[in-house]
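Structure below is my_file-v2.cif: mmCIF, C-alpha atoms.
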```
data_my_file
loop_
_atom_site.label_atom_id
_atom_site.label_comp_id
_atom_site.auth_asym_id
_atom_site.auth_seq_id
_atom_site.Cartn_x
_atom_site.Cartn_y
_atom_site.Cartn_z
CA MET A 1 0.00 0.00 0.00
CA PRO A 2 1.41 3.41 -0.89
CA ARG A 3 2.33 5.51 2.09
CA ASN A 4 0.07 8.40 1.14
CA HIS A 5 -3.02 6.17 1.53
CA VAL A 6 -2.21 5.06 5.07
CA LEU A 7 -2.42 8.45 6.73
CA PRO A 8 -5.95 9.44 5.61
CA ARG A 9 -7.25 6.00 6.63
CA ALA A 10 -5.61 6.22 10.03
CA VAL A 11 -7.09 9.68 10.52
CA LEU A 12 -10.55 8.43 9.50
CA ILE A 13 -10.40 5.44 11.82
CA GLY A 14 -9.14 7.68 14.62
CA LEU A 15 -11.97 10.15 14.02
CA VAL A 16 -14.61 7.41 14.09
CA ALA A 17 -13.10 5.99 17.28
CA VAL A 18 -13.06 9.41 18.97
CA LEU A 19 -16.66 10.10 17.92
CA ALA A 20 -17.85 6.70 19.16
CA ALA A 21 -16.00 7.12 22.44
CA SER A 22 -17.43 10.61 23.02
CA ALA A 23 -20.96 9.45 22.16
CA TRP A 24 -20.59 6.65 24.69
CA GLY A 25 -19.07 9.06 27.20
CA LEU A 26 -21.82 11.63 26.74
CA SER A 27 -24.59 9.13 27.38
CA ALA A 28 -22.74 7.32 30.18
CA THR A 29 -22.12 10.57 32.06
CA SER A 30 -25.77 11.57 31.74
CA SER A 31 -27.12 8.67 33.80
CA ARG A 32 -28.65 9.15 37.20
CA GLU A 33 -26.06 6.84 38.75
CA PHE A 34 -23.24 8.97 37.40
CA CYS A 35 -24.77 12.21 38.69
CA LEU A 36 -25.28 10.71 42.15
CA SER A 37 -21.75 9.31 42.31
CA CYS A 38 -20.68 12.74 43.61
CA HIS A 39 -21.62 13.42 47.24
CA GLU A 40 -22.64 16.98 46.33
CA MET A 41 -25.79 15.60 44.72
CA SER A 42 -27.07 13.67 47.74
CA PRO A 43 -29.40 16.39 49.14
CA GLN A 44 -30.96 16.83 45.72
CA ALA A 45 -31.43 13.07 45.31
CA GLU A 46 -32.93 12.75 48.78
CA GLU A 47 -35.40 15.59 48.15
CA GLN A 48 -36.38 14.27 44.75
CA ARG A 49 -37.53 11.01 46.35
CA TRP A 50 -40.42 12.88 48.04
CA SER A 51 -41.14 15.29 45.21
CA SER A 52 -43.92 15.25 42.64
CA HIS A 53 -41.19 14.46 40.11
CA ALA A 54 -39.86 11.25 41.65
CA LEU A 55 -41.86 9.14 39.21
CA SER A 56 -43.28 10.01 35.84
CA ALA A 57 -46.98 9.53 34.97
CA ASP A 58 -46.24 5.95 33.86
CA LYS A 59 -44.48 5.21 37.18
CA LYS A 60 -40.92 5.32 35.85
CA PRO A 61 -38.19 7.03 37.91
CA VAL A 62 -37.35 10.47 36.53
CA ALA A 63 -33.64 10.76 35.76
CA CYS A 64 -31.67 13.98 36.33
CA ALA A 65 -30.95 14.40 32.62
CA GLU A 66 -34.64 14.31 31.71
CA CYS A 67 -35.01 17.82 33.09
CA HIS A 68 -31.49 19.21 33.41
CA LEU A 69 -30.08 18.47 29.95
CA PRO A 70 -31.47 19.70 26.62
CA PRO A 71 -33.21 16.91 24.69
CA GLY A 72 -31.51 15.10 21.82
CA PHE A 73 -27.79 15.02 21.00
CA GLY A 74 -27.56 18.40 19.25
CA PRO A 75 -25.23 21.34 19.89
CA ARG A 76 -27.33 22.54 22.81
CA PHE A 77 -26.91 19.17 24.56
CA VAL A 78 -23.17 18.98 23.90
CA ALA A 79 -22.63 22.60 24.98
CA VAL A 80 -24.41 22.04 28.29
CA LYS A 81 -22.52 18.78 28.87
CA ILE A 82 -19.17 20.51 28.39
CA TYR A 83 -20.13 23.58 30.41
CA SER A 84 -21.70 21.80 33.37
CA GLY A 85 -19.07 19.07 33.32
CA LEU A 86 -16.25 21.60 33.62
CA LYS A 87 -18.13 23.57 36.28
CA ASP A 88 -18.92 20.45 38.32
CA ALA A 89 -15.33 19.20 38.10
CA VAL A 90 -13.93 22.55 39.26
CA MET A 91 -16.47 22.74 42.10
CA HIS A 92 -15.84 19.14 43.14
CA PHE A 93 -12.05 19.25 43.22
CA PHE A 94 -11.23 22.86 44.08
CA LEU A 95 -14.02 24.02 46.37
CA PRO A 96 -12.91 24.20 50.03
CA ASP A 97 -14.86 22.21 52.61
CA GLY A 98 -16.48 19.94 50.08
CA SER A 99 -16.35 16.89 52.35
CA GLN A 100 -19.95 17.08 53.57
CA PRO A 101 -23.02 16.20 51.48
CA GLY A 102 -23.81 19.28 49.46
CA GLY A 103 -20.17 20.36 49.66
CA GLY A 104 -19.39 24.01 50.36
CA LEU A 105 -22.09 25.01 47.90
CA ILE A 106 -24.67 27.72 48.59
CA ARG A 107 -27.92 26.41 47.19
CA ALA A 108 -29.63 29.78 46.85
CA GLU A 109 -26.84 30.75 44.45
CA LEU A 110 -27.04 27.45 42.57
CA GLN A 111 -30.77 27.67 41.87
CA PRO A 112 -30.71 30.36 39.14
CA GLN A 113 -27.86 28.46 37.46
CA ALA A 114 -29.79 25.19 37.51
CA ARG A 115 -32.96 26.86 36.18
CA ARG A 116 -31.03 28.27 33.22
CA PHE A 117 -30.54 24.80 31.83
CA VAL A 118 -34.04 23.38 32.27
CA ASP A 119 -35.43 23.52 28.73
CA ASP A 120 -39.16 24.03 28.15
CA ASP A 121 -39.04 21.08 25.72
CA ASN A 122 -38.14 18.80 28.62
CA CYS A 123 -41.23 19.85 30.56
CA LEU A 124 -43.49 19.65 27.52
CA ARG A 125 -42.43 16.08 26.82
CA CYS A 126 -44.54 14.89 29.77
CA HIS A 127 -46.83 17.89 30.28
CA ARG A 128 -48.31 17.85 26.80
CA ASP A 129 -51.64 19.43 27.76
CA LEU A 130 -50.91 22.57 29.75
CA TYR A 131 -54.48 22.71 31.06
CA LYS A 132 -54.25 19.31 32.73
CA ASP A 133 -51.76 17.47 34.91
CA ALA A 134 -49.17 15.12 33.40
CA ARG A 135 -51.60 12.17 33.62
CA GLY A 136 -54.13 14.19 31.60
CA GLU A 137 -56.74 13.76 34.34
CA GLN A 138 -57.02 16.71 36.67
CA ALA A 139 -57.45 20.24 35.33
CA VAL A 140 -55.05 22.97 36.47
CA SER A 141 -56.22 25.76 38.78
CA GLU A 142 -57.87 28.93 37.59
CA LEU A 143 -54.65 30.88 38.01
CA GLY A 144 -52.76 28.15 36.20
CA LYS A 145 -55.16 28.36 33.28
CA ILE A 146 -54.71 32.13 32.98
CA ALA A 147 -50.93 31.84 33.21
CA HIS A 148 -50.77 29.05 30.62
CA ASP A 149 -53.08 30.99 28.29
CA SER A 150 -50.52 33.74 28.30
CA TYR A 151 -47.62 31.27 27.94
CA LEU A 152 -49.28 29.91 24.79
CA GLY A 153 -49.91 33.45 23.49
CA LYS A 154 -53.71 33.12 23.67
CA ASN A 155 -54.18 35.87 26.22
CA GLY A 156 -51.36 38.33 26.64
CA GLN A 157 -47.85 37.10 26.17
CA ALA A 158 -45.89 35.35 28.90
CA ARG A 159 -42.29 36.36 28.91
CA SER A 160 -41.05 33.60 31.14
CA ASN A 161 -40.14 29.98 30.49
CA CYS A 162 -41.51 27.06 32.54
CA ALA A 163 -38.84 27.25 35.23
CA GLY A 164 -39.38 31.00 35.46
CA CYS A 165 -42.63 30.38 37.35
CA HIS A 166 -42.49 26.72 38.39
CA ARG A 167 -39.81 26.36 41.02
CA ASN A 168 -38.92 23.72 43.60
CA LEU A 169 -40.62 20.99 41.60
CA ALA A 170 -38.15 18.22 42.32
CA HIS A 171 -35.81 19.70 44.93
CA LEU A 172 -36.63 21.76 48.00
CA PRO A 173 -33.85 23.43 50.01
CA VAL A 174 -34.70 24.22 53.64
CA PHE A 175 -35.05 27.97 53.01
CA ASP A 176 -37.78 27.36 50.39
CA ARG A 177 -39.89 25.06 52.60
CA ARG A 178 -41.68 28.02 54.22
CA LEU A 179 -43.19 29.09 50.88
CA ASP A 180 -46.90 28.46 50.52
CA ALA A 181 -46.55 26.90 47.08
CA ASN A 182 -44.21 24.25 48.50
CA ARG A 183 -46.32 23.31 51.51
CA ALA A 184 -47.28 19.79 50.39
CA PHE A 185 -43.73 18.94 49.30
CA ALA A 186 -42.22 20.33 52.52
CA GLU A 187 -44.77 18.38 54.59
CA ARG A 188 -43.84 15.11 52.82
CA ILE A 189 -40.13 15.66 53.43
CA ARG A 190 -40.72 16.51 57.09
CA LYS A 191 -42.88 13.43 57.60
CA GLU A 192 -40.45 11.07 55.89
CA LEU A 193 -37.46 12.48 57.77
CA THR A 194 -39.21 11.92 61.12
CA LEU A 195 -40.18 8.39 60.08
CA GLU A 196 -36.63 7.66 58.98
CA GLN A 197 -35.21 9.03 62.21
CA ALA A 198 -37.57 6.88 64.26
CA ARG A 199 -36.61 3.83 62.21
CA ALA A 200 -32.91 4.58 62.62
CA GLU A 201 -33.32 4.87 66.39
CA GLN A 202 -35.19 1.55 66.60
CA ASN A 203 -32.76 -0.34 64.43
CA PRO A 204 -29.36 1.32 63.87
CA ASN A 205 -28.27 -1.35 61.33
CA GLU A 206 -31.12 -0.53 58.97
CA HIS A 207 -29.75 2.98 58.48
CA ASN A 208 -27.37 1.96 55.72
CA GLN A 209 -30.07 0.44 53.55
CA LYS A 210 -31.46 3.87 52.68
CA GLU A 211 -29.15 4.22 49.68
CA GLU A 212 -30.47 1.05 48.07
CA ALA A 213 -34.06 2.23 48.29
CA LEU A 214 -33.35 5.06 45.82
CA PRO A 215 -35.56 4.85 42.77
CA MET B 1 9.82 33.27 12.86
CA ALA B 2 7.42 30.91 11.13
CA ALA B 3 7.11 28.83 14.29
CA LYS B 4 6.25 31.91 16.32
CA LYS B 5 3.60 32.89 13.80
CA LYS B 6 2.11 29.41 13.89
CA LEU B 7 2.01 29.47 17.68
CA LEU B 8 0.26 32.85 17.65
CA LEU B 9 -2.25 31.61 15.12
CA PHE B 10 -2.90 28.51 17.22
CA LEU B 11 -3.37 30.59 20.37
CA ALA B 12 -5.75 32.96 18.59
CA LEU B 13 -7.75 30.02 17.28
CA ALA B 14 -7.95 28.40 20.71
CA LEU B 15 -9.02 31.70 22.28
CA ALA B 16 -11.70 32.21 19.63
CA LEU B 17 -12.97 28.65 20.19
CA VAL B 18 -13.20 29.03 23.97
CA GLY B 19 -14.68 32.52 23.68
CA GLY B 20 -17.18 31.32 21.11
CA PHE B 21 -18.19 28.46 23.37
CA PHE B 22 -18.96 30.72 26.33
CA LEU B 23 -20.69 33.21 24.04
CA TYR B 24 -22.91 30.39 22.75
CA ILE B 25 -23.70 29.25 26.30
CA SER B 26 -24.64 32.74 27.45
CA LEU B 27 -26.80 33.37 24.37
CA ALA B 28 -28.48 29.95 24.12
CA PHE B 29 -29.15 29.69 27.87
CA PRO B 30 -29.79 33.21 29.17
CA GLY B 31 -30.30 33.59 32.92
CA SER B 32 -33.62 35.26 32.21
CA ARG B 33 -35.31 35.25 28.84
CA CYS B 34 -34.11 38.15 26.72
CA GLU B 35 -37.61 39.46 26.17
CA ALA B 36 -38.37 39.23 29.90
CA ALA B 37 -35.27 41.19 30.87
CA LYS B 38 -36.87 44.42 29.68
CA HIS B 39 -40.42 45.64 30.27
CA PRO B 40 -42.38 46.08 27.00
CA GLU B 41 -42.89 49.65 25.89
CA ALA B 42 -46.56 50.59 26.07
CA PRO B 43 -46.72 54.06 27.68
CA GLU B 44 -50.48 54.29 27.32
CA LYS B 45 -50.84 51.29 29.65
CA TYR B 46 -48.31 52.30 32.30
CA SER B 47 -51.08 53.71 34.52
CA ASP B 48 -52.77 50.30 34.81
CA CYS B 49 -50.18 47.62 35.56
CA LEU B 50 -52.85 45.18 36.70
CA GLU B 51 -54.57 45.04 33.32
CA CYS B 52 -51.65 43.13 31.79
CA HIS B 53 -50.24 41.54 34.94
CA LEU B 54 -53.53 39.77 35.63
CA LYS B 55 -52.69 37.73 32.55
CA VAL B 56 -48.91 37.48 32.62
CA THR B 57 -48.32 37.14 36.38
CA PRO B 58 -51.73 36.03 37.71
CA MET B 59 -50.33 34.67 40.96
CA ALA B 60 -48.58 37.91 41.90
CA ALA B 61 -51.67 39.93 40.92
CA GLN B 62 -54.03 37.75 43.00
CA ASP B 63 -51.70 37.68 45.98
CA TRP B 64 -51.36 41.46 45.87
CA ARG B 65 -55.14 41.92 45.74
CA GLU B 66 -55.62 39.77 48.86
CA SER B 67 -52.74 41.35 50.72
CA LYS B 68 -52.71 44.38 53.00
CA HIS B 69 -50.97 46.29 50.25
CA GLY B 70 -53.79 45.39 47.87
CA VAL B 71 -56.64 46.14 50.27
CA LEU B 72 -55.11 49.54 51.04
CA LEU B 73 -54.56 50.08 47.30
CA VAL B 74 -50.83 50.50 47.54
CA LYS B 75 -50.47 50.12 43.79
CA CYS B 76 -47.58 48.51 41.93
CA ALA B 77 -45.86 51.77 41.04
CA VAL B 78 -45.51 52.80 44.69
CA CYS B 79 -42.85 50.12 45.22
CA HIS B 80 -41.91 49.03 41.71
CA GLY B 81 -41.78 52.41 39.96
CA LEU B 82 -42.85 52.94 36.37
CA PRO B 83 -41.32 51.15 33.36
CA ASP B 84 -40.23 54.43 31.76
CA GLY B 85 -38.35 55.37 34.93
CA LYS B 86 -40.51 58.46 35.47
CA GLY B 87 -42.08 57.21 38.71
CA THR B 88 -41.11 58.48 42.14
CA VAL B 89 -39.01 55.34 42.74
CA PRO B 90 -36.70 53.50 40.33
CA PHE B 91 -38.29 50.80 38.17
CA ALA B 92 -37.37 47.40 39.65
CA ALA B 93 -38.84 43.90 39.80
CA LYS B 94 -37.27 43.45 43.25
CA PRO B 95 -37.37 46.76 45.09
CA GLY B 96 -34.57 47.27 47.64
CA VAL B 97 -35.34 46.98 51.34
CA ARG B 98 -33.43 50.08 52.42
CA GLU B 99 -34.63 52.25 49.56
CA ILE B 100 -38.24 51.16 49.15
CA CYS B 101 -39.63 49.25 52.16
CA ALA B 102 -38.04 51.77 54.51
CA ARG B 103 -39.94 54.65 52.90
CA CYS B 104 -43.05 53.58 54.82
CA HIS B 105 -41.88 50.93 57.26
CA GLU B 106 -38.83 52.55 58.76
CA PRO B 107 -40.23 52.83 62.32
CA ALA B 108 -41.13 49.12 62.32
CA MET B 109 -37.80 48.21 60.75
CA LYS B 110 -35.97 50.13 63.46
CA GLN B 111 -37.86 48.18 66.13
CA MET B 112 -37.07 44.88 64.44
CA VAL B 113 -33.37 45.76 64.18
CA GLU B 114 -33.30 46.69 67.87
CA LYS B 115 -35.00 43.44 68.86
CA TYR B 116 -33.41 40.95 66.51
CA GLY B 117 -30.43 42.68 64.89
CA ALA B 118 -30.09 43.80 61.29
CA ARG B 119 -31.51 41.32 58.81
CA LEU B 120 -32.19 43.31 55.72
CA GLU B 121 -34.29 40.84 53.84
CA CYS B 122 -37.90 41.54 54.84
CA GLU B 123 -39.28 39.23 52.13
CA SER B 124 -38.14 36.00 53.78
CA CYS B 125 -40.60 36.49 56.68
CA HIS B 126 -43.01 39.10 55.31
CA PRO B 127 -43.84 38.21 51.69
CA HIS B 128 -44.88 41.59 50.21
CA HIS B 129 -47.62 40.19 48.05
CA GLN B 130 -48.86 37.59 50.51
CA ASN B 131 -49.07 39.74 53.61
CA PRO B 132 -52.62 38.80 54.68
CA MET B 133 -55.17 41.21 56.11
CA HIS B 134 -56.36 39.34 59.18
CA ARG B 135 -53.45 37.17 60.25
CA LYS B 136 -49.89 37.67 61.41
CA ALA B 137 -47.68 38.89 58.60
CA PHE B 138 -45.33 35.91 58.86
CA GLU B 139 -48.01 33.20 58.81
CA ALA B 140 -48.44 31.19 55.65
CA LYS B 141 -51.16 32.28 53.30
CA LYS B 142 -54.15 29.96 52.97
CA PRO B 143 -55.26 28.87 49.49
CA SER B 144 -57.10 31.62 47.70
CA LYS B 145 -60.91 31.80 47.93
CA THR B 146 -61.54 34.95 45.93
CA SER B 147 -60.91 35.43 42.25
CA PHE B 148 -61.03 38.17 39.67
#
```
Using structure tokens, write down the structure from this file.
Amino acid sequence: MPRNHVLPRAVLIGLVAVLAASAWGLSATSSREFCLSCHEMSPQAEEQRWSSHALSADKKPVACAECHLPPGFGPRFVAVKIYSGLKDAVMHFFLPDGSQPGGGLIRAELQPQARRFVDDDNCLRCHRDLYKDARGEQAVSELGKIAHDSYLGKNGQARSNCAGCHRNLAHLPVFDRRLDANRAFAERIRKELTLEQARAEQNPNEHNQKEEALP
Amino acid sequence: MAAKKKLLLFLALALALVGGFFLYISLAFPGSRCEAAKHPEAPEKYSDCLECHLKVTPMAAQDWRESKHGVLLVKCAVCHGLPDGKGTVPFAAKPGVREICARCHEPAMKQMVEKYGARLECESCHPHHQNPMHRKAFEAKKPSKTSF
């Protein structure tokens, strides 16, 4: 084989290998298990268990990426993967006092950042009818109907995306538990924490099984 | 000389790539939607905030109506100013505690500071729009029973 044919082939094979590896890497690092492998994510995971977004309408566990990453494998998805991957790595390895769950992170400052990357398309994948709940059974409240009218441009024009109004859907930091809109969610967390504490006091060995119960 | 030029070119390319990446991120995922960052210009409607905000922010409008501020008709512009900046206070979605709340509530704020120390974030205990008429200011609001 002439030498000038070897190089292009090697480059092509290399390119295909790199693309395949990055495709595998991108999907492998978007799994729930991967997200939760960092201790910083444990409060969020714990709160999600008692949220309205623990399970989807067809009773499947909702993965982090279903809300927090843009859908598909387009430039938006890749850009967010690179950006949040770099940010998470820097925060994980260089943030002081990151030994506790939640690390040295201030959640009130993280919230706007997290909301930036929740695409409306992600919400609309399950909430197809904005005048009913995700199961398509119960109608939304009167205020919800007015707000969604304006979101859809039928009555006024909403200038906010989903996450602009709908907050604390899957995670609820302590400082947001006082808010009226979060009362049911906060009550569930409080109840479950007391139950768990009681169980831990009765049987200290059972405490470690909590991790396995994650959906 | 050629090597230096190549290195410069490479550095410029790398810089452009990184800069372009962050530019894309900030444009494709704005912190707040571009169109929401600025109030629409409709001077003929500036005197009646509620007319539009009943539709675009129904929760805030309803909460305000049921609150002490609403019952006493302390209208939007008193705290939030006017979109063209011609109101008596600056136009802001989140009015400052020192500048705005203190204009009326300074005596009460002084008392609170004396009792509990300075904590200049009224909103966390006294939600401006949810401050109910017949209960303690810091109690949670019950689900709404009235409607427009």
Query - Distance of atom CA of A:Asp88 from atom CA of A:Arg115, expressed in Å to one decimal place - result: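 Distance between the two atoms: 15.6 Å.
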Query raised in the report: What is the atom CA of A:Ala158 to atom CA of B:His53 distance in Å?
Result: 9.7 Å
Requested in this report: Kindly determine which residues of chain A lie within 7 Å of chain B, considering all atoms listed in the file, and give the answer as a PyMOL selection string.
Outcome: chain A and resi 79+116-117+143+146-147+150+155-160+180
Report task. Do a neighbour search on B:Leu82 at 7 Å with all atoms listed in the file, toss out local chain neighbours closer than 3 positions, and write the hits as a ChimeraX atom specification. Result -> /B:46,77,85-87,91
Take the residues from that selection and write them out as a CSV table (one decimal), in the frame of the given file, keeping C-alpha atoms.
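So the final result, stored in out_33.csv, reads:
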```csv
chain,number,residue,atom,x,y,z
B,46,TYR,CA,-48.3,52.3,32.3
B,77,ALA,CA,-45.9,51.8,41.0
B,85,GLY,CA,-38.4,55.4,34.9
B,86,LYS,CA,-40.5,58.5,35.5
B,87,GLY,CA,-42.1,57.2,38.7
B,91,PHE,CA,-38.3,50.8,38.2
```
Requested in this report: Run the PyMOL selection byres ((chain A and resi 123) around 12) against the file shown and list the residues it catches, as a PyMOL selection string.
Outcome: chain A and resi 53+56+62+65-71+117-122+124-130+133-134+161-163+166+169
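When only C-alpha atoms are used to measure the gap to A:Ala186, the shortest distance among A:Ser84, A:Gln202, A:Gln113, A:Ser52 belongs to A:Ser52.
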Report task. Could you tell me how far atom CA of A:Leu110 lies from atom CA of A:Ile82, in Å and to one decimal? Result ->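 Pair atom CA of A:Leu110 / atom CA of A:Ile82 returns 17.6 Å.
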Query raised in the report: the PyMOL selection byres ((chain B and resi 78) around 9) on the file shown: which residues, as a list in words?
Result: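 Applying the PyMOL selection byres ((chain B and resi 78) around 9) to the structure shown produces Val74, Lys75, Cys76, Ala77, Cys79, His80, Gly81, Leu82, Gly87, Thr88, Val89 and Ile100 of chain B.
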Query - For A:Glu137, the nearest of the candidates A:Ala57, A:Val16, A:Leu26, A:Leu95, counting only C-alpha atoms - result: A:Ala57
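Shortest atom-to-atom contact with B:Pro43 among B:Ala60, B:Leu73, B:Pro83, B:Leu27: B:Pro83, counting only C-alpha atoms.
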